[in-house]
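**Q** I am sharing upload.cif, which consists of mmCIF, C-alpha atoms:
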data_upload
#
loop_
_atom_site.label_atom_id
_atom_site.label_comp_id
_atom_site.auth_asym_id
_atom_site.auth_seq_id
_atom_site.Cartn_x
_atom_site.Cartn_y
_atom_site.Cartn_z
CA GLY W 3 -56.62 -31.84 -0.07
CA ARG W 4 -56.52 -34.69 -2.56
CA ARG W 5 -59.24 -33.19 -4.76
CA ARG W 6 -57.46 -29.88 -4.79
CA ALA W 7 -54.24 -31.49 -6.08
CA VAL W 8 -56.18 -33.07 -8.95
CA LEU W 9 -57.47 -29.63 -9.93
CA LEU W 10 -53.98 -28.13 -9.81
CA VAL W 11 -52.42 -30.71 -12.13
CA PRO W 12 -54.59 -29.91 -15.19
CA PHE W 13 -54.13 -26.20 -14.48
CA ALA W 14 -50.35 -26.63 -14.26
CA THR W 15 -50.37 -28.69 -17.47
CA ALA W 16 -52.41 -26.02 -19.25
CA THR W 17 -50.05 -23.34 -17.98
CA ALA W 18 -47.03 -25.35 -19.12
CA ALA W 19 -48.64 -25.90 -22.53
CA ALA W 20 -49.41 -22.18 -22.82
CA ALA W 21 -45.82 -21.37 -21.83
CA LEU W 22 -44.55 -23.75 -24.53
CA VAL W 23 -46.79 -22.14 -27.14
CA VAL W 24 -45.60 -18.67 -26.13
CA ALA W 25 -41.97 -19.84 -26.14
CA SER W 26 -42.33 -21.38 -29.60
CA LEU W 27 -43.95 -18.17 -30.90
CA PHE W 28 -41.00 -16.18 -29.56
CA ALA W 29 -38.61 -18.66 -31.19
CA VAL W 30 -40.38 -18.26 -34.54
CA GLN W 31 -40.32 -14.48 -34.11
CA ALA W 32 -36.62 -14.58 -33.20
CA ASP W 33 -35.85 -16.71 -36.28
CA ARG W 34 -37.82 -14.38 -38.52
CA THR W 35 -36.10 -11.37 -36.99
CA ARG W 36 -32.70 -13.04 -37.49
CA ASP W 37 -33.61 -13.71 -41.15
CA GLU W 38 -34.83 -10.13 -41.56
CA LEU W 39 -31.62 -8.81 -39.99
CA ALA W 40 -29.54 -11.00 -42.30
CA ALA W 41 -31.52 -9.72 -45.32
CA GLU W 42 -31.05 -6.11 -44.16
CA ARG W 43 -27.32 -6.73 -43.66
CA ASP W 44 -27.05 -8.21 -47.17
CA ARG W 45 -28.97 -5.26 -48.64
CA ALA W 46 -26.75 -2.78 -46.75
CA ARG W 47 -23.65 -4.57 -48.06
CA GLU W 48 -24.97 -4.42 -51.66
CA ILE W 49 -25.84 -0.73 -51.28
CA ALA W 50 -22.39 0.01 -49.83
CA HIS W 51 -20.77 -1.85 -52.75
CA VAL W 52 -22.53 0.41 -55.28
CA LEU W 53 -21.96 3.61 -53.28
CA ALA W 54 -18.26 2.86 -52.76
CA ALA W 55 -17.58 2.32 -56.47
CA PRO W 56 -15.32 5.08 -57.86
CA ASP W 57 -17.72 5.67 -60.77
CA ALA W 58 -20.95 5.75 -58.69
CA ARG W 59 -23.25 8.50 -59.97
CA ALA W 60 -26.71 9.64 -58.97
CA SER W 61 -29.72 10.73 -61.01
CA SER W 62 -33.39 11.28 -60.35
CA GLY W 63 -36.62 12.06 -62.11
CA ARG W 64 -39.88 13.66 -61.01
CA ASP W 65 -43.27 13.51 -62.73
CA ALA W 66 -45.96 16.21 -62.85
CA SER W 67 -47.55 14.77 -59.68
CA GLY W 68 -44.29 15.10 -57.73
CA ARG W 69 -43.57 11.37 -57.64
CA THR W 70 -39.88 10.58 -57.86
CA ILE W 71 -37.49 7.85 -58.90
CA GLY W 72 -33.90 8.04 -57.79
CA VAL W 73 -30.93 5.93 -58.81
CA ILE W 74 -27.34 5.65 -57.71
CA ALA W 75 -25.54 3.43 -60.18
CA SER W 76 -22.07 2.17 -60.98
CA VAL W 77 -21.08 0.72 -64.34
CA SER W 78 -17.97 -0.93 -62.82
CA ALA W 79 -20.04 -2.54 -60.03
CA ARG W 80 -22.78 -3.34 -62.59
CA GLY W 81 -25.28 -2.31 -59.93
CA ALA W 82 -27.81 0.31 -58.93
CA VAL W 83 -29.77 1.38 -55.88
CA VAL W 84 -33.25 2.56 -56.90
CA THR W 85 -35.77 4.42 -54.75
CA LEU W 86 -39.33 5.58 -55.38
CA GLY W 87 -41.01 8.45 -53.56
CA GLY W 88 -44.51 9.92 -53.41
CA TYR W 89 -46.33 6.84 -54.68
CA ASP W 90 -49.45 5.46 -53.03
CA ASP W 91 -49.43 1.75 -52.27
CA PRO W 92 -50.26 -0.27 -55.39
CA PRO W 93 -53.82 -1.66 -55.53
CA GLU W 94 -54.54 -4.88 -53.63
CA GLY W 95 -52.97 -7.87 -55.38
CA ARG W 96 -50.56 -5.67 -57.36
CA VAL W 97 -46.89 -4.80 -56.96
CA ARG W 98 -44.38 -2.39 -58.51
CA GLN W 99 -41.76 -4.12 -60.63
CA LEU W 100 -38.47 -2.61 -61.83
CA TRP W 101 -37.22 -3.26 -65.37
CA LEU W 102 -33.92 -2.63 -67.09
CA MET W 103 -34.40 -1.62 -70.72
CA ASP W 104 -31.82 -2.24 -73.44
CA ARG W 105 -31.29 -0.29 -76.68
CA GLU W 106 -33.97 -2.35 -78.44
CA GLY W 107 -36.44 -1.62 -75.65
CA ARG W 108 -36.36 -5.20 -74.34
CA PRO W 109 -37.13 -5.34 -70.61
CA ARG W 110 -35.35 -7.48 -67.99
CA SER W 111 -36.84 -7.68 -64.50
CA LEU W 112 -34.64 -6.36 -61.71
CA GLY W 113 -37.06 -7.19 -58.92
CA LEU W 114 -40.08 -6.01 -56.97
CA PHE W 115 -40.37 -2.98 -54.73
CA GLU W 116 -41.39 -3.64 -51.13
CA GLY W 117 -42.97 -0.44 -49.83
CA ASP W 118 -40.40 2.35 -49.49
CA THR W 119 -37.43 -0.02 -49.30
CA PRO W 120 -34.71 0.77 -51.86
CA LEU W 121 -34.33 -1.90 -54.50
CA VAL W 122 -30.76 -3.04 -55.09
CA ALA W 123 -30.21 -4.29 -58.63
CA SER W 124 -27.09 -6.19 -59.64
CA GLY W 125 -25.72 -7.68 -62.85
CA LEU W 126 -26.67 -4.64 -64.92
CA ASP W 127 -25.65 -4.60 -68.56
CA PRO W 128 -23.55 -1.44 -69.21
CA ALA W 129 -25.35 -1.02 -72.58
CA SER W 130 -28.74 -0.64 -70.83
CA THR W 131 -30.51 2.62 -71.56
CA SER W 132 -33.19 3.11 -68.89
CA LEU W 133 -35.05 1.89 -65.86
CA ALA W 134 -38.82 1.53 -65.93
CA VAL W 135 -41.38 0.76 -63.23
CA THR W 136 -44.67 -0.97 -63.98
CA VAL W 137 -47.52 -2.17 -61.77
CA GLU W 138 -47.85 -5.95 -62.06
CA PRO W 139 -49.82 -8.79 -60.43
CA ASP W 140 -48.49 -10.00 -57.05
CA GLY W 141 -45.26 -11.93 -57.51
CA GLY W 142 -44.36 -9.92 -60.62
CA SER W 143 -44.50 -10.78 -64.32
CA PRO W 144 -41.98 -12.27 -66.75
CA GLN W 145 -42.69 -9.32 -69.07
CA PRO W 146 -44.36 -5.95 -68.37
CA THR W 147 -48.15 -6.13 -68.72
CA GLY W 148 -48.74 -2.37 -68.89
CA GLN W 149 -47.12 0.97 -69.60
CA PRO W 150 -44.42 2.20 -67.19
CA VAL W 151 -45.64 4.48 -64.41
CA VAL W 152 -42.17 6.04 -64.47
CA GLN W 153 -39.04 5.68 -66.59
CA LEU W 154 -35.54 7.09 -66.06
CA ALA W 155 -32.74 7.29 -68.64
CA LEU W 156 -29.44 5.85 -67.42
CA LYS W 157 -27.13 7.94 -69.62
CA THR W 158 -26.55 10.43 -66.80
CA VAL W 159 -25.14 7.63 -64.61
CA GLY W 160 -22.82 6.26 -67.28
CA PHE W 161 -24.89 3.46 -68.79
CA GLY W 162 -25.94 3.07 -72.42
CA GLU W 163 -22.82 4.76 -73.78
#
Write out the structure in this file as structure tokens.
**A**
Amino acid sequence: GRRRAVLLVPFATATAAAALVVASLFAVQADRTRDELAAERDRAREIAHVLAAPDARASSGRDASGRTIGVIASVSARGAVVTLGGYDDPPEGRVRQLWLMDREGRPRSLGLFEGDTPLVASGLDPASTSLAVTVEPDGGSPQPTGQPVVQLALKTVGFGE
């Protein structure tokens, strides 16, 4: 019986260690999920802020291949919700970046698209004239490195006037 008890102790220890590893993985997953939920809640709040603005207006554009860009923007909220549709994933190591263009054609980054998730842009200059999307290296670029894959004038949503 004594030998058997010795065999059970390492097994129990291994089981306890495995249980701790599993528990810590769940804790990490729960934290990440909580962070993701908080980020989604923040995004939903920002979207609602733009949509609830009394001057919120929508516009969209479609290219010859059927790819779309949509925007709901508010000059008073200085914000926009931008969506892309019909695009394949960018090549490995590349990302789509959204730019706000002013009257002189100077770009200001508004952020990076993550898959099909709408991009919420804030702090927009009411004098801005268009939105442009370029494909950039992972992490984005301080300035566009190529021609826009799509561009949308903002005049129809009240900007650039």
**Q** For a test of reading the model, state the distance in Å between atom CA of W:Ser78 and atom CA of W:Ala54, rounded to one decimal.
**A**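 Between these atoms lies a distance of 10.8 Å.
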**Q** Report as a VMD selection string the residues that result from applying the PyMOL selection byres ((chain W and resi 109-124) around 10) to the structure here.
**A** chain W and resid 45 to 46 48 to 49 52 72 to 76 79 to 92 97 to 108 125 to 127 130 132 to 138 140 to 146
**Q** Counting only C-alpha atoms, which residue out of W:Gly162, W:Arg43, W:Asp33, W:Val152 sits closest to W:Ser62?
**A**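 Using only C-alpha atoms, the shortest distance to W:Ser62 belongs to W:Val152.
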**Q** Quick one: pull the distance between atom CA of W:Gly95 and atom CA of W:Gln149, Å, one decimal.
**A**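 Separation between atom CA of W:Gly95 and atom CA of W:Gln149: 17.7 Å.
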**Q** What would stretch 48-59 of chain W look like with N, CA, C and O atoms restored, written as a short mmCIF file (atom, residue, chain, number, x, y, z; two decimals), keeping the file's coordinate frame?
**A**
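rebuild20.cif was written with the following content:
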data_model
loop_
_atom_site.label_atom_id
_atom_site.label_comp_id
_atom_site.auth_asym_id
_atom_site.auth_seq_id
_atom_site.Cartn_x
_atom_site.Cartn_y
_atom_site.Cartn_z
N GLU W 48 -24.82 -4.67 -50.22
CA GLU W 48 -24.97 -4.42 -51.66
C GLU W 48 -25.03 -2.92 -51.95
O GLU W 48 -24.43 -2.44 -52.91
N ILE W 49 -25.76 -2.18 -51.10
CA ILE W 49 -25.84 -0.73 -51.28
C ILE W 49 -24.46 -0.11 -51.12
O ILE W 49 -24.03 0.71 -51.93
N ALA W 50 -23.73 -0.52 -50.07
CA ALA W 50 -22.39 0.01 -49.83
C ALA W 50 -21.46 -0.28 -51.00
O ALA W 50 -20.64 0.55 -51.38
N HIS W 51 -21.60 -1.47 -51.61
CA HIS W 51 -20.77 -1.85 -52.75
C HIS W 51 -20.98 -0.88 -53.92
O HIS W 51 -20.03 -0.43 -54.56
N VAL W 52 -22.23 -0.53 -54.19
CA VAL W 52 -22.53 0.41 -55.28
C VAL W 52 -22.03 1.80 -54.91
O VAL W 52 -21.37 2.47 -55.71
N LEU W 53 -22.34 2.25 -53.68
CA LEU W 53 -21.96 3.61 -53.28
C LEU W 53 -20.46 3.81 -53.23
O LEU W 53 -19.96 4.91 -53.49
N ALA W 54 -19.71 2.75 -52.89
CA ALA W 54 -18.26 2.86 -52.76
C ALA W 54 -17.53 2.80 -54.10
O ALA W 54 -16.35 3.11 -54.17
N ALA W 55 -18.23 2.42 -55.15
CA ALA W 55 -17.58 2.32 -56.47
C ALA W 55 -17.08 3.70 -56.90
O ALA W 55 -17.79 4.70 -56.72
N PRO W 56 -15.88 3.77 -57.47
CA PRO W 56 -15.32 5.08 -57.86
C PRO W 56 -16.15 5.80 -58.93
O PRO W 56 -16.10 7.02 -59.03
N ASP W 57 -16.93 5.04 -59.70
CA ASP W 57 -17.72 5.67 -60.77
C ASP W 57 -19.21 5.78 -60.40
O ASP W 57 -20.05 6.00 -61.27
N ALA W 58 -19.55 5.64 -59.11
CA ALA W 58 -20.95 5.75 -58.69
C ALA W 58 -21.47 7.16 -58.98
O ALA W 58 -20.82 8.15 -58.67
N ARG W 59 -22.63 7.22 -59.63
CA ARG W 59 -23.25 8.50 -59.97
C ARG W 59 -24.73 8.42 -59.66
O ARG W 59 -25.34 7.36 -59.73
#
